[in-house]
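**Q** Sharing a structure here in structure tokens format.
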Amino acid sequence: MENQEVAQKIQEVAKKLLSEGKVSCVIGFEKGTVPMRERPFFAYTPEEAERLTWTSFCCNNLANFLVRRDLGEAGKVAVVAQGCVSRNIVGLIKENQISREQVFVIGVPSPGMLDRRKVQAEVGAEKVITEVSEDGEDLIVKGKGFEERVPRKKVMRDNCYTCVQRNPVIVDELIGAETEPTHGGNIDKVSAPWEKLQADDRWAEFAENYQTCIRCYACRDACPLCYCHVCFVDEAQPQWCGKTQDESDVLTYHVLRAFHCAGRCTDCGACESACPMGIKVRRLTSKIEKDIREMYGYQAGMDLESKPPMSVYRPDDPQEFIK
Amino acid sequence: MKNILEYVGIEPDRLHFSWISSAEAEKFQKTATQVCEAVRALGPAQHMIKDIRKVA
Amino acid sequence: MSDTSNFQPRIAAFLCNWCSYGAADLAGVSRLQYPPLVQTIRIPCTGRMSPKFILQAFRKGVDGVWVSG
């Protein structure tokens, strides 16, 4: 199904839900002020629902907004969710942040989201893109004095390329038909790029990757797992992590942030899309995701029943590292 | 934790975990010696240290 | 790092009050010799341990961390 049709269907469903009073709010996307920057949108009335859209640049993870306290008081909310977002909703339900009755999941099989930076690189960094539209497996990029067709496959986000669950895992209303579960990339091959390096080179790569970090915490704020009211980086007594851009502070932040996502991360890529500096934030989280998969045979948010491995004890938990 | 530190390039022998009951003084002595030797062999830590001299 | 034989590492040892701290105590009472490089931090239980502690220790410049329950 084309994205335009999906957007129409989302609007129809949202209008119906809002006018019947089944939900107080529909969380989706609206068109951004510049191309390829679709932004989260909260529709409270059927009229507002007409602004809802769906394109291949809906990169934010909408599960993020479900833990907002004002929404908890608002009663039932509907949220547009593709595979990874639905997995994060499952995660939030498991962690008792929301209840299943509280959310209405408008499921959309993911088309594979695209990376606006890759699109820009494809047409040339100096060119100003004024319009982007989709035509099947191609993207039509327009700007002053140029028009180019870019194949979607070429500009897909890294995490979408290796996606393992494009279809939503929990659904109240599915839009379109379920698709192939993967995009063909092999997650095991790319998830831990530094594994083959020697210790010193690893450190060099690691430090270089995060060198440009400006500590804006966009990766944390975009992440549906990071809902603590006081984050460890904001704690001052004791101060776990200095507030400078010194290498040790930046790297401490990234290691701990990644570690907090262990066994919970669904590899939705929201952190990487949110980063204003274009840092490959997933280099750490995808490694942890792989470790959890290999050590505990667990993938976050795939169903409502299984227990998260980091919060339960089992006698057969891996323990080779303990003397 | 050990996995991730190793992944970013901190030598795995810098971090040790062990189980010792309160009655196992000898195991404690043995493990303490092992840990010290392992770290001694690696030399001083190079990474992750917040160097005040560099920051200020 | 030129001469590792003389190098005296600093090691932060996080010891559980009920297990390894007791073992350390017993080792002392029994006059068992072990290297003086281990700087003990008593934690109420190994469950109190957090990855933050390990990173904080490394940030403050220790050469090794030992967690024992």
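For the structure tokens, the naming scheme is as follows: chains receive sequential letters (A, B, ...) according to their order of presentation, residues are indexed from 1 within each chain, and ligands are indexed from 1 in presentation order.
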If we count only C-alpha atoms, what is near Ser30 of chain C at a cut-off of 10 Å, once residues fewer than 6 positions away on the same chain are taken out, given as an NGL selection string?
**A** (:B and (25-26)) or (:C and (24))
**Q** Would you put the residues from that selection into a file with C-alpha atoms, as a compact mmCIF listing (two decimals), in the first residue's frame?
**A**
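Output contents, as saved in out_5.txt:
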```txt
# COMPACT_ATOMS: atom_id res chain seq x y z
CA ALA B 25 39.05 -16.33 53.60
CA GLU B 26 41.47 -18.38 51.58
CA ALA C 24 38.19 -10.13 53.86
```
**Q** Compile the contact shell of Ser22 of chain B as a ChimeraX atom specification: residues with an atom at most 7 Å away, counting only C-alpha atoms, same-chain residues fewer than 4 positions apart removed.
**A** /C:18-23
**Q** Please list as a ChimeraX atom specification every residue within 8 Å of Pro35 of chain C, counting only C-alpha atoms and excluding residues in the same chain fewer than 3 positions away.
**A** /B:32-33,36 /C:38
**Q** Any idea which chain C residues end up within 8 Å of chain A if we count only C-alpha atoms, as a ChimeraX atom specification please?
**A** /C:51-52,55-56,59
**Q** Among segment 45-138 of chain A, which residues carry a DSSP assignment of strand (DSSP E or B), reported as number ranges by chain?
**A** A: 53, 77-81, 103-107, 114, 129-135, 138
**Q** When you draw a straight line from atom CA of Pro308 of chain A to atom CA of Asp291 of chain A, how long is it in Å?
**A**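 These atoms are spaced 13.9 Å apart.
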